[in-house]
file data.pdb (PDB, C-alpha atoms and all ligand atoms)
ATOM      1  CA  MET A   3     117.115 127.990 108.784
ATOM      2  CA  GLU A   4     114.051 129.693 110.186
ATOM      3  CA  LYS A   5     110.976 127.823 109.035
ATOM      4  CA  ARG A   6     107.812 129.712 108.181
ATOM      5  CA  TYR A   7     105.805 127.124 106.322
ATOM      6  CA  ILE A   8     107.153 123.737 107.339
ATOM      7  CA  PHE A   9     106.648 122.239 110.778
ATOM      8  CA  GLY A  10     107.788 119.075 112.480
ATOM      9  CA  PRO A  11     108.025 116.183 111.936
ATOM     10  CA  VAL A  12     106.111 115.480 115.086
ATOM     11  CA  PRO A  13     104.326 112.350 116.265
ATOM     12  CA  SER A  14     100.664 112.242 115.312
ATOM     13  CA  ARG A  15      98.326 109.453 116.334
ATOM     14  CA  ARG A  16      96.709 109.135 112.940
ATOM     15  CA  LEU A  17      99.571 109.969 110.610
ATOM     16  CA  GLY A  18     102.645 108.754 112.495
ATOM     17  CA  PHE A  19     105.493 111.281 112.156
ATOM     18  CA  SER A  20     103.866 114.090 110.206
ATOM     19  CA  LEU A  21     105.665 116.992 108.562
ATOM     20  CA  GLY A  22     103.226 119.925 108.342
ATOM     21  CA  VAL A  23     103.132 122.236 105.327
ATOM     22  CA  ASP A  24     101.205 125.427 106.067
ATOM     23  CA  ILE A  25      99.836 126.951 102.866
ATOM     24  CA  ILE A  26      97.044 129.226 104.044
ATOM     25  CA  PRO A  27      97.145 132.239 106.369
ATOM     26  CA  TYR A  28      95.147 132.655 109.545
ATOM     27  CA  LYS A  29      91.435 131.914 109.144
ATOM     28  CA  VAL A  30      91.147 132.200 105.385
ATOM     29  CA  CYS A  31      88.296 129.729 105.186
ATOM     30  CA  SER A  32      85.061 128.962 103.378
ATOM     31  CA  LEU A  33      83.408 127.907 106.639
ATOM     32  CA  ASN A  34      83.050 129.439 110.076
ATOM     33  CA  CYS A  35      82.483 126.333 112.196
ATOM     34  CA  ILE A  36      81.078 126.769 115.683
ATOM     35  CA  TYR A  37      83.742 124.390 117.016
ATOM     36  CA  CYS A  38      86.650 126.177 115.309
ATOM     37  CA  GLN A  39      89.469 126.726 117.751
ATOM     38  CA  LEU A  40      90.464 129.880 115.871
ATOM     39  CA  GLY A  41      87.291 131.525 117.101
ATOM     40  CA  ALA A  42      84.665 133.203 114.939
ATOM     41  CA  SER A  43      86.040 134.518 111.660
ATOM     42  CA  GLY A  44      85.577 138.038 110.351
ATOM     43  CA  GLY A  45      84.127 136.495 107.210
ATOM     44  CA  THR A  46      84.232 133.501 104.939
ATOM     45  CA  THR A  47      85.589 133.302 101.417
ATOM     46  CA  LEU A  48      85.656 131.037  98.387
ATOM     47  CA  GLU A  49      88.315 133.087  96.640
ATOM     48  CA  ARG A  50      91.261 130.974  95.509
ATOM     49  CA  ARG A  51      94.630 132.652  95.161
ATOM     50  CA  GLU A  52      98.261 132.153  96.077
ATOM     51  CA  TYR A  53      97.851 133.269  99.679
ATOM     52  CA  VAL A  54     101.228 131.733 100.557
ATOM     53  CA  GLN A  55     103.935 131.630  97.877
ATOM     54  CA  ILE A  56     104.373 128.036  96.825
ATOM     55  CA  ASP A  57     107.956 128.508  95.585
ATOM     56  CA  LYS A  58     109.013 129.623  99.057
ATOM     57  CA  VAL A  59     107.178 126.672 100.619
ATOM     58  CA  LEU A  60     108.971 124.261  98.301
ATOM     59  CA  ARG A  61     112.399 125.720  99.020
ATOM     60  CA  GLU A  62     111.805 125.336 102.735
ATOM     61  CA  LEU A  63     110.479 121.816 102.286
ATOM     62  CA  GLU A  64     113.474 120.755 100.198
ATOM     63  CA  GLU A  65     115.864 121.986 102.882
ATOM     64  CA  THR A  66     113.841 120.254 105.606
ATOM     65  CA  LEU A  67     113.844 116.945 103.748
ATOM     66  CA  GLN A  68     117.633 117.007 103.681
ATOM     67  CA  GLN A  69     117.689 116.802 107.488
ATOM     68  CA  PRO A  70     117.770 113.343 109.042
ATOM     69  CA  GLY A  71     114.664 112.061 110.830
ATOM     70  CA  ARG A  72     111.620 109.888 110.297
ATOM     71  CA  ILE A  73     108.685 111.328 108.327
ATOM     72  CA  ASP A  74     105.624 109.146 107.658
ATOM     73  CA  TYR A  75     103.464 111.811 105.992
ATOM     74  CA  ILE A  76     103.868 115.276 104.545
ATOM     75  CA  THR A  77     100.599 116.967 105.553
ATOM     76  CA  LEU A  78      99.162 119.984 103.746
ATOM     77  CA  SER A  79      97.191 122.106 106.160
ATOM     78  CA  GLY A  80      96.969 125.692 107.293
ATOM     79  CA  SER A  81      95.148 128.067 109.550
ATOM     80  CA  GLY A  82      92.079 127.854 107.300
ATOM     81  CA  GLU A  83      91.161 125.883 104.166
ATOM     82  CA  PRO A  84      94.328 124.767 102.272
ATOM     83  CA  THR A  85      92.588 124.191  98.914
ATOM     84  CA  LEU A  86      91.908 127.935  98.728
ATOM     85  CA  ASN A  87      95.580 128.270  97.828
ATOM     86  CA  SER A  88      95.235 128.374  94.038
ATOM     87  CA  ARG A  89      98.669 126.796  93.476
ATOM     88  CA  ILE A  90      98.076 123.650  95.495
ATOM     89  CA  GLY A  91      97.935 121.807  92.160
ATOM     90  CA  ASP A  92     101.519 122.895  91.407
ATOM     91  CA  LEU A  93     102.709 122.162  94.910
ATOM     92  CA  ILE A  94     101.652 118.507  95.103
ATOM     93  CA  PRO A  95     103.520 117.221  92.003
ATOM     94  CA  ALA A  96     106.513 119.336  93.005
ATOM     95  CA  ILE A  97     106.566 117.623  96.423
ATOM     96  CA  LYS A  98     106.252 114.263  94.684
ATOM     97  CA  LYS A  99     109.374 115.072  92.667
ATOM     98  CA  LEU A 100     111.268 115.785  95.883
ATOM     99  CA  THR A 101     110.342 112.661  97.842
ATOM    100  CA  THR A 102     108.508 109.338  97.946
ATOM    101  CA  ILE A 103     107.018 110.137 101.363
ATOM    102  CA  PRO A 104     103.173 110.015 101.130
ATOM    103  CA  VAL A 105     101.428 113.394 100.995
ATOM    104  CA  ALA A 106      98.176 114.032 102.916
ATOM    105  CA  LEU A 107      95.666 116.904 102.899
ATOM    106  CA  LEU A 108      93.321 118.028 105.685
ATOM    107  CA  THR A 109      90.364 119.864 104.105
ATOM    108  CA  ASN A 110      86.835 120.994 104.920
ATOM    109  CA  GLY A 111      85.841 119.581 101.524
ATOM    110  CA  THR A 112      83.846 122.610 100.341
ATOM    111  CA  THR A 113      85.956 123.284  97.234
ATOM    112  CA  LEU A 114      85.873 119.680  95.977
ATOM    113  CA  VAL A 115      82.697 120.464  94.063
ATOM    114  CA  ARG A 116      84.940 122.352  91.613
ATOM    115  CA  PRO A 117      86.507 120.054  88.992
ATOM    116  CA  GLU A 118      89.731 122.096  88.872
ATOM    117  CA  VAL A 119      90.236 121.590  92.618
ATOM    118  CA  ARG A 120      89.614 117.840  92.409
ATOM    119  CA  GLU A 121      92.055 117.604  89.533
ATOM    120  CA  ALA A 122      94.674 119.547  91.480
ATOM    121  CA  LEU A 123      94.579 116.883  94.202
ATOM    122  CA  TRP A 124      94.786 113.651  92.211
ATOM    123  CA  GLU A 125      98.420 112.978  93.115
ATOM    124  CA  LEU A 126      97.830 113.034  96.854
ATOM    125  CA  ASP A 127      98.039 109.799  98.828
ATOM    126  CA  LEU A 128      95.532 110.631 101.557
ATOM    127  CA  VAL A 129      92.730 113.196 101.841
ATOM    128  CA  VAL A 130      90.863 113.836 105.111
ATOM    129  CA  PRO A 131      87.697 115.856 104.408
ATOM    130  CA  SER A 132      85.082 116.821 106.996
ATOM    131  CA  LEU A 133      81.362 116.133 107.142
ATOM    132  CA  ASP A 134      79.573 117.236 110.307
ATOM    133  CA  ALA A 135      75.921 117.140 109.268
ATOM    134  CA  GLY A 136      73.381 115.066 107.410
ATOM    135  CA  THR A 137      70.811 117.835 106.951
ATOM    136  CA  GLU A 138      71.071 121.351 105.561
ATOM    137  CA  LYS A 139      69.738 122.841 108.798
ATOM    138  CA  ILE A 140      72.491 121.291 110.926
ATOM    139  CA  TYR A 141      75.148 122.028 108.276
ATOM    140  CA  ARG A 142      74.239 125.721 108.486
ATOM    141  CA  LEU A 143      74.135 125.591 112.284
ATOM    142  CA  ILE A 144      77.538 123.923 112.707
ATOM    143  CA  ASN A 145      79.585 124.975 109.697
ATOM    144  CA  ARG A 146      78.088 128.407 108.846
ATOM    145  CA  PRO A 147      79.214 128.207 105.216
ATOM    146  CA  CYS A 148      80.135 130.971 102.825
ATOM    147  CA  ALA A 149      77.263 132.198 100.634
ATOM    148  CA  GLY A 150      76.753 129.849  97.699
ATOM    149  CA  LEU A 151      77.675 126.653  99.575
ATOM    150  CA  ASP A 152      75.232 123.966 100.649
ATOM    151  CA  LEU A 153      75.369 120.447 102.045
ATOM    152  CA  ASP A 154      74.288 118.770  98.801
ATOM    153  CA  GLY A 155      77.211 120.465  97.032
ATOM    154  CA  LEU A 156      79.644 119.416  99.773
ATOM    155  CA  VAL A 157      78.547 115.774  99.609
ATOM    156  CA  ARG A 158      78.561 115.780  95.812
ATOM    157  CA  GLY A 159      82.053 117.310  95.756
ATOM    158  CA  ILE A 160      83.540 114.781  98.186
ATOM    159  CA  SER A 161      81.726 111.925  96.483
ATOM    160  CA  ASP A 162      82.938 112.964  92.999
ATOM    161  CA  PHE A 163      86.430 113.253  94.409
ATOM    162  CA  VAL A 164      86.305 109.767  95.955
ATOM    163  CA  ALA A 165      85.037 108.327  92.663
ATOM    164  CA  GLY A 166      88.054 109.593  90.726
ATOM    165  CA  PHE A 167      90.780 109.370  93.371
ATOM    166  CA  SER A 168      93.162 106.441  93.652
ATOM    167  CA  GLY A 169      94.438 107.291  97.162
ATOM    168  CA  GLN A 170      92.754 106.962 100.552
ATOM    169  CA  VAL A 171      89.906 109.181 101.798
ATOM    170  CA  TRP A 172      89.243 109.238 105.532
ATOM    171  CA  LEU A 173      86.085 111.192 106.311
ATOM    172  CA  GLU A 174      86.135 113.048 109.627
ATOM    173  CA  VAL A 175      82.849 113.663 111.445
ATOM    174  CA  MET A 176      82.881 116.103 114.360
ATOM    175  CA  LEU A 177      80.091 115.199 116.779
ATOM    176  CA  LEU A 178      78.738 117.916 119.069
ATOM    177  CA  LYS A 179      76.527 117.214 122.039
ATOM    178  CA  GLY A 180      72.869 118.015 121.496
ATOM    179  CA  ILE A 181      73.546 119.328 117.973
ATOM    180  CA  ASN A 182      74.328 116.496 115.557
ATOM    181  CA  ASP A 183      74.271 113.415 117.804
ATOM    182  CA  SER A 184      70.549 112.593 117.688
ATOM    183  CA  ASP A 185      69.486 109.327 116.042
ATOM    184  CA  ASP A 186      67.756 111.301 113.279
ATOM    185  CA  GLU A 187      70.833 113.356 112.459
ATOM    186  CA  LEU A 188      73.155 110.326 112.702
ATOM    187  CA  GLU A 189      70.806 108.483 110.364
ATOM    188  CA  ALA A 190      71.047 111.388 107.906
ATOM    189  CA  ILE A 191      74.847 111.518 108.307
ATOM    190  CA  ALA A 192      75.005 107.774 107.604
ATOM    191  CA  ARG A 193      73.050 108.292 104.368
ATOM    192  CA  ARG A 194      75.493 111.010 103.287
ATOM    193  CA  ILE A 195      78.449 108.761 104.122
ATOM    194  CA  GLY A 196      76.819 106.069 101.980
ATOM    195  CA  GLU A 197      76.758 108.545  99.073
ATOM    196  CA  ILE A 198      80.400 109.505  99.613
ATOM    197  CA  GLN A 199      81.864 106.015 100.114
ATOM    198  CA  PRO A 200      85.103 107.026 101.888
ATOM    199  CA  ASP A 201      87.693 104.404 102.825
ATOM    200  CA  LYS A 202      86.944 105.006 106.490
ATOM    201  CA  VAL A 203      85.093 107.308 108.861
ATOM    202  CA  GLN A 204      86.753 108.901 111.868
ATOM    203  CA  LEU A 205      84.601 110.303 114.664
ATOM    204  CA  ASN A 206      85.874 113.250 116.632
ATOM    205  CA  THR A 207      84.327 115.600 119.166
ATOM    206  CA  ALA A 208      85.028 119.033 120.636
ATOM    207  CA  VAL A 209      87.134 117.553 123.427
ATOM    208  CA  ARG A 210      87.647 120.913 125.076
ATOM    209  CA  PRO A 211      84.889 123.501 124.648
ATOM    210  CA  PRO A 212      86.017 125.995 122.012
ATOM    211  CA  ALA A 213      85.499 129.743 121.989
ATOM    212  CA  GLU A 214      81.778 129.590 121.285
ATOM    213  CA  SER A 215      79.323 128.792 124.035
ATOM    214  CA  GLY A 216      76.840 125.971 123.669
ATOM    215  CA  VAL A 217      79.354 123.704 121.910
ATOM    216  CA  GLY A 218      79.889 120.554 123.930
ATOM    217  CA  ALA A 219      81.753 117.287 123.558
ATOM    218  CA  LEU A 220      80.388 113.770 123.621
ATOM    219  CA  GLY A 221      81.807 111.518 126.309
ATOM    220  CA  PRO A 222      83.653 108.302 125.404
ATOM    221  CA  GLU A 223      80.537 106.134 125.876
ATOM    222  CA  GLU A 224      78.378 108.478 123.783
ATOM    223  CA  LEU A 225      80.967 108.496 121.026
ATOM    224  CA  GLU A 226      81.154 104.720 121.072
ATOM    225  CA  LYS A 227      77.343 104.557 120.904
ATOM    226  CA  ALA A 228      77.380 106.888 117.880
ATOM    227  CA  ARG A 229      80.107 104.758 116.310
ATOM    228  CA  ILE A 230      78.077 101.567 116.728
ATOM    229  CA  PHE A 231      74.981 103.333 115.349
ATOM    230  CA  LEU A 232      76.818 104.590 112.250
ATOM    231  CA  GLN A 233      78.630 101.300 111.761
ATOM    232  CA  SER A 234      75.318  99.440 111.791
ATOM    233  CA  ARG A 235      74.082 101.679 108.941
ATOM    234  CA  ILE A 236      77.237 101.602 106.805
ATOM    235  CA  SER A 237      78.662  98.171 107.497
ATOM    236  CA  SER A 238      81.038  98.190 104.520
ATOM    237  CA  ILE A 239      82.979 101.286 105.712
ATOM    238  CA  PRO A 240      85.017 101.097 108.940
ATOM    239  CA  VAL A 241      83.993 103.696 111.531
ATOM    240  CA  GLU A 242      86.461 104.548 114.301
ATOM    241  CA  VAL A 243      86.680 107.036 117.146
ATOM    242  CA  VAL A 244      89.734 109.286 117.013
ATOM    243  CA  ALA A 245      88.901 111.779 119.775
ATOM    244  CA  GLY A 246      91.267 111.651 122.715
ATOM    245  CA  PHE A 247      90.159 111.920 126.320
ATOM    246  CA  SER A 248      92.116 113.002 129.344
ATOM    247  CA  GLY A 249      93.592 110.066 131.195
ATOM    248  CA  LYS A 250      92.812 107.623 128.409
ATOM    249  CA  ARG A 251      96.011 107.852 126.460
ATOM    250  CA  GLU A 252      98.865 108.460 128.813
ATOM    251  CA  ASP A 253     101.234 106.636 126.494
ATOM    252  CA  ALA A 254     104.680 107.489 125.221
ATOM    253  CA  GLU A 255     103.235 109.172 122.155
ATOM    254  CA  ASP A 256     101.142 111.545 124.323
ATOM    255  CA  LYS A 257     104.214 112.479 126.316
ATOM    256  CA  ASP A 258     106.159 113.104 123.107
ATOM    257  CA  ILE A 259     103.470 115.442 121.807
ATOM    258  CA  ARG A 260     103.238 117.342 125.105
ATOM    259  CA  THR A 261     107.010 117.738 125.179
ATOM    260  CA  SER A 262     107.091 118.840 121.533
ATOM    261  CA  ILE A 263     104.415 121.502 122.138
ATOM    262  CA  LEU A 264     106.189 122.756 125.224
ATOM    263  CA  THR A 265     109.541 122.937 123.412
ATOM    264  CA  TYR A 266     107.890 124.845 120.564
ATOM    265  CA  LEU A 267     106.221 127.349 122.930
ATOM    266  CA  GLU A 268     109.513 127.877 124.715
ATOM    267  CA  ARG A 269     110.780 129.361 121.448
ATOM    268  CA  ARG A 270     107.727 131.424 120.472
ATOM    269  CA  PRO A 271     104.071 131.973 121.389
ATOM    270  CA  ALA A 272     101.513 130.313 119.136
ATOM    271  CA  THR A 273      97.784 129.965 118.600
ATOM    272  CA  SER A 274      96.118 126.569 118.775
ATOM    273  CA  GLU A 275      95.809 126.689 114.991
ATOM    274  CA  ASP A 276      99.539 127.373 114.552
ATOM    275  CA  LEU A 277     100.174 124.325 116.712
ATOM    276  CA  SER A 278      97.630 122.245 114.818
ATOM    277  CA  ALA A 279      99.437 123.026 111.561
ATOM    278  CA  THR A 280     102.825 122.527 113.199
ATOM    279  CA  PHE A 281     102.065 119.121 114.623
ATOM    280  CA  GLY A 282      99.722 117.825 111.937
ATOM    281  CA  LEU A 283      97.077 117.103 114.577
ATOM    282  CA  HIS A 284      93.431 118.058 114.588
ATOM    283  CA  ARG A 285      93.018 121.337 116.441
ATOM    284  CA  ASN A 286      90.817 119.698 119.027
ATOM    285  CA  GLU A 287      93.591 117.292 119.875
ATOM    286  CA  ILE A 288      95.994 120.218 120.200
ATOM    287  CA  VAL A 289      93.536 121.953 122.518
ATOM    288  CA  LYS A 290      93.443 118.840 124.676
ATOM    289  CA  TYR A 291      97.212 118.941 125.099
ATOM    290  CA  LEU A 292      97.123 122.692 125.728
ATOM    291  CA  GLY A 293      94.495 122.045 128.400
ATOM    292  CA  HIS A 294      96.788 119.580 130.159
ATOM    293  CA  LEU A 295      99.751 121.974 129.962
ATOM    294  CA  LEU A 296      97.586 124.843 131.286
ATOM    295  CA  ASP A 297      96.333 122.635 134.125
ATOM    296  CA  ASP A 298      99.940 121.789 134.997
ATOM    297  CA  GLY A 299     100.910 125.485 134.979
ATOM    298  CA  LEU A 300     103.532 124.909 132.284
ATOM    299  CA  ILE A 301     101.978 127.370 129.829
ATOM    300  CA  LYS A 302      99.636 130.362 130.009
ATOM    301  CA  GLU A 303      97.226 132.044 127.596
ATOM    302  CA  GLU A 304      97.102 135.650 126.460
ATOM    303  CA  CYS A 305      94.595 137.377 124.127
ATOM    304  CA  LYS A 306      95.610 139.895 121.490
ATOM    305  CA  GLY A 307      92.401 141.256 120.026
ATOM    306  CA  ALA A 308      90.263 138.270 119.118
ATOM    307  CA  THR A 309      93.254 135.922 118.903
ATOM    308  CA  LYS A 310      94.320 133.713 121.772
ATOM    309  CA  TYR A 311      98.032 132.917 122.090
ATOM    310  CA  PHE A 312      99.649 130.251 124.243
ATOM    311  CA  LEU A 313     102.962 131.086 125.910
ATOM    312  CA  TYR A 314     105.581 129.155 127.814
ATOM    313  CA  ASN A 315     105.171 129.909 131.512
ATOM    314  CA  LYS A 316     108.561 130.894 132.889
ATOM    315  CA  VAL A 317     108.506 130.268 136.632
TER     316      VAL A 317
HETATM  317  S1  LIG P   1      87.274 124.323 111.788
HETATM  318 FE1  LIG P   1      88.437 124.342 109.854
HETATM  319  S2  LIG P   1      86.867 124.459 108.317
HETATM  320 FE2  LIG P   1      85.882 125.077 110.191
HETATM  321  S3  LIG P   1      86.122 127.326 110.269
HETATM  322 FE3  LIG P   1      87.863 126.462 111.377
HETATM  323  S4  LIG P   1      89.479 126.337 109.852
HETATM  324 FE4  LIG P   1      87.544 126.558 108.709
END
call {"tool": "encode", "arguments": {"input": "data.pdb", "output": "structure tokens"}}
result
Amino acid sequence: MEKRYIFGPVPSRRLGFSLGVDIIPYKVCSLNCIYCQLGASGGTTLERREYVQIDKVLRELEETLQQPGRIDYITLSGSGEPTLNSRIGDLIPAIKKLTTIPVALLTNGTTLVRPEVREALWELDLVVPSLDAGTEKIYRLINRPCAGLDLDGLVRGISDFVAGFSGQVWLEVMLLKGINDSDDELEAIARRIGEIQPDKVQLNTAVRPPAESGVGALGPEELEKARIFLQSRISSIPVEVVAGFSGKREDAEDKDIRTSILTYLERRPATSEDLSATFGLHRNEIVKYLGHLLDDGLIKEECKGATKYFLYNKV
């Protein structure tokens, strides 16, 4: 069976063995983040529709679940914002009828301000929304939202969701050097986290500089400093660093992920976003692995228009 929407399961540091479900096409998103590994988008949208047919996704998922193998999470993601698929609210209960495996969602959080979106997600087990700014100015600078969106709405949406949700919410904060890592901005981010009250906060950084210039990563010590700062402001919510750094995690899991990516690229070229959806890993983590594979000469990159593809390097 050729799979179009279902990927994995593959080992993921945060979600164990994660089976990816891709329900949004390339760069259909309400934001245009400066750190996005997909590059700058042609435009942003808030339009919700059935971009990917949910019935087809479910058929593929059902067949995949009949195969043997460990799956810790089924992860809804995509090459953009998954909640823009208007049938996500039909998909989640349908998955729940198929399996008892927990279902997770990676989201930029912008649509959670809409009650119908929050309601569509109630049956999930884990939601990982993003919050990269504490002030409107930095939100606009980093996330470049679609017209009609603002930071107050984002925070209110995530906070309303947390208040009514019985599952876990892990808030991801992407820290960028010289942009949102000042004490003032971290203080403002901490206040927003206090309003949201997630179950935990995960700090990430642009480990490998993405397409846009001027976007830099924090080093391990800087990230740890930011973690301690945030933790001191929001003592009741655990704050952890999830960014990976070269040479820091040469464990069996890293090797598994590298091998899985290489095996995948042997079969077909892919963008970093395809691989992020495939492996249920944050795109910055995927880019880290791609960087290692490029450095080792095992893969190469090729641009088609504005899109960068990674290919297996036959030598
Ligand atoms: S990083 Fe995610 S939320 Fe931001 S533009 Fe890219 S796909 Fe959209």
call {"tool": "closest_atom_pairs", "arguments": {"input": "data.pdb", "of": "chain A", "to": "ligand LIG 1 (chain P)", "cutoff": "7 Å", "atoms": "only C-alpha atoms and all ligand atoms", "output": "Markdown table"}}
result
| residue | atom | partner | partner_atom | distance |
| --- | --- | --- | --- | --- |
| A:Lys29 | CA | P:LIG1 | S4 | 6.0 |
| A:Cys31 | CA | P:LIG1 | FE4 | 4.8 |
| A:Ser32 | CA | P:LIG1 | FE4 | 6.4 |
| A:Leu33 | CA | P:LIG1 | S3 | 4.6 |
| A:Asn34 | CA | P:LIG1 | S3 | 3.7 |
| A:Cys35 | CA | P:LIG1 | FE2 | 4.1 |
| A:Tyr37 | CA | P:LIG1 | S1 | 6.3 |
| A:Cys38 | CA | P:LIG1 | S1 | 4.0 |
| A:Gln39 | CA | P:LIG1 | FE3 | 6.6 |
| A:Leu40 | CA | P:LIG1 | FE3 | 6.2 |
| A:Ser81 | CA | P:LIG1 | S4 | 5.9 |
| A:Gly82 | CA | P:LIG1 | S4 | 3.9 |
| A:Glu83 | CA | P:LIG1 | FE4 | 5.8 |
| A:Asn110 | CA | P:LIG1 | S2 | 4.9 |
| A:Asn145 | CA | P:LIG1 | FE2 | 6.3 |
call {"tool": "closest_residue", "arguments": {"input": "data.pdb", "among": "A:Leu78, A:Ile181, A:Leu67, A:Leu220", "to": "Ser278 (chain A)", "atoms": "all atoms listed in the file"}}
result
A:Leu78
call {"tool": "closest_residue", "arguments": {"input": "data.pdb", "among": "A:Glu49, A:Asp298, A:Asp57, A:Asp92", "to": "Leu264 (chain A)", "atoms": "all atoms listed in the file"}}
result
A:Asp298
call {"tool": "atom_distance", "arguments": {"input": "data.pdb", "atom1": "CA of Gln233 (chain A)", "atom2": "CA of Lys179 (chain A)"}}
result
19.1 Å
call {"tool": "resolve_selection", "arguments": {"input": "data.pdb", "expression": "the PyMOL selection byres (((chain A and resi 65) around 12) and not hetatm)", "output": "list in words"}}
result
Met3, Glu4, Lys5, Tyr7, Ile8, Lys58, Val59, Leu60, Arg61, Glu62, Leu63, Glu64, Thr66, Leu67, Gln68, Gln69, Pro70, Leu100 and Thr101 of chain A
call {"tool": "closest_residue", "arguments": {"input": "data.pdb", "among": "A:Ala308, A:Val289, A:Leu48, A:Ile263", "to": "Ala149 (chain A)", "atoms": "all atoms listed in the file"}}
result
A:Leu48
call {"tool": "closest_residue", "arguments": {"input": "data.pdb", "among": "A:Thr137, A:Ser132, A:Asn182, A:Thr207", "to": "Gly159 (chain A)", "atoms": "all atoms listed in the file"}}
result
A:Ser132
call {"tool": "closest_residue", "arguments": {"input": "data.pdb", "among": "A:Arg146, A:His294, A:Arg269, A:Lys316", "to": "Lys257 (chain A)", "atoms": "all atoms listed in the file"}}
result
A:His294
call {"tool": "closest_residue", "arguments": {"input": "data.pdb", "among": "A:Lys290, A:Ile144, A:Gly307, A:Leu173", "to": "Ile36 (chain A)", "atoms": "all atoms listed in the file"}}
result
A:Ile144
call {"tool": "axis_aligned_box", "arguments": {"input": "data.pdb", "around": "region 174-192 of chain A", "padding_each_side": "4 Å", "output": "AutoDock Vina command-line options"}}
result
--center_x 76.9 --center_y 113.6 --center_z 114.8 --size_x 26.4 --size_y 19.6 --size_z 22.4
call {"tool": "residues_around", "arguments": {"input": "data.pdb", "residues": "region 117-125 of chain A", "least_positions_apart": "4", "cutoff": "9 Å", "atoms": "all atoms listed in the file", "output": "VMD selection string"}}
result
chain A and resid 85 to 86 88 to 92 94 to 95 98 105 107 113 129 159 to 160 162 to 163 166 to 169
call {"tool": "resolve_selection", "arguments": {"input": "data.pdb", "expression": "the PyMOL selection byres (((chain A and resi 184) around 12) and not hetatm)", "output": "JSON, numbers by chain"}}
result
{"A": [135, 136, 137, 140, 177, 178, 179, 180, 181, 182, 183, 185, 186, 187, 188, 189, 190, 191, 220, 224, 225, 227, 228, 231, 232]}
call {"tool": "atom_distance", "arguments": {"input": "data.pdb", "atom1": "CA of Pro131 (chain A)", "atom2": "CA of Val243 (chain A)"}}
result
15.5 Å
call {"tool": "resolve_selection", "arguments": {"input": "data.pdb", "expression": "the PyMOL selection byres (((chain A and resi 312) around 8) and not hetatm)", "output": "PyMOL selection string"}}
result
chain A and resi 267+271-274+301-304+310-311+313-314
call {"tool": "atom_distance", "arguments": {"input": "data.pdb", "atom1": "CA of Gly71 (chain A)", "atom2": "CA of Asp127 (chain A)"}}
result
20.6 Å
call {"tool": "residues_around", "arguments": {"input": "data.pdb", "residues": "Arg16 (chain A)", "least_positions_apart": "2", "cutoff": "9 Å", "atoms": "all atoms listed in the file", "output": "short mmCIF file (atom, residue, chain, number, x, y, z; two decimals) with C-alpha atoms, in the frame of the given file"}}
result
data_model
loop_
_atom_site.label_atom_id
_atom_site.label_comp_id
_atom_site.auth_asym_id
_atom_site.auth_seq_id
_atom_site.Cartn_x
_atom_site.Cartn_y
_atom_site.Cartn_z
CA PRO A 13 104.33 112.35 116.26
CA SER A 14 100.66 112.24 115.31
CA GLY A 18 102.64 108.75 112.50
CA VAL A 244 89.73 109.29 117.01
CA LEU A 283 97.08 117.10 114.58
#
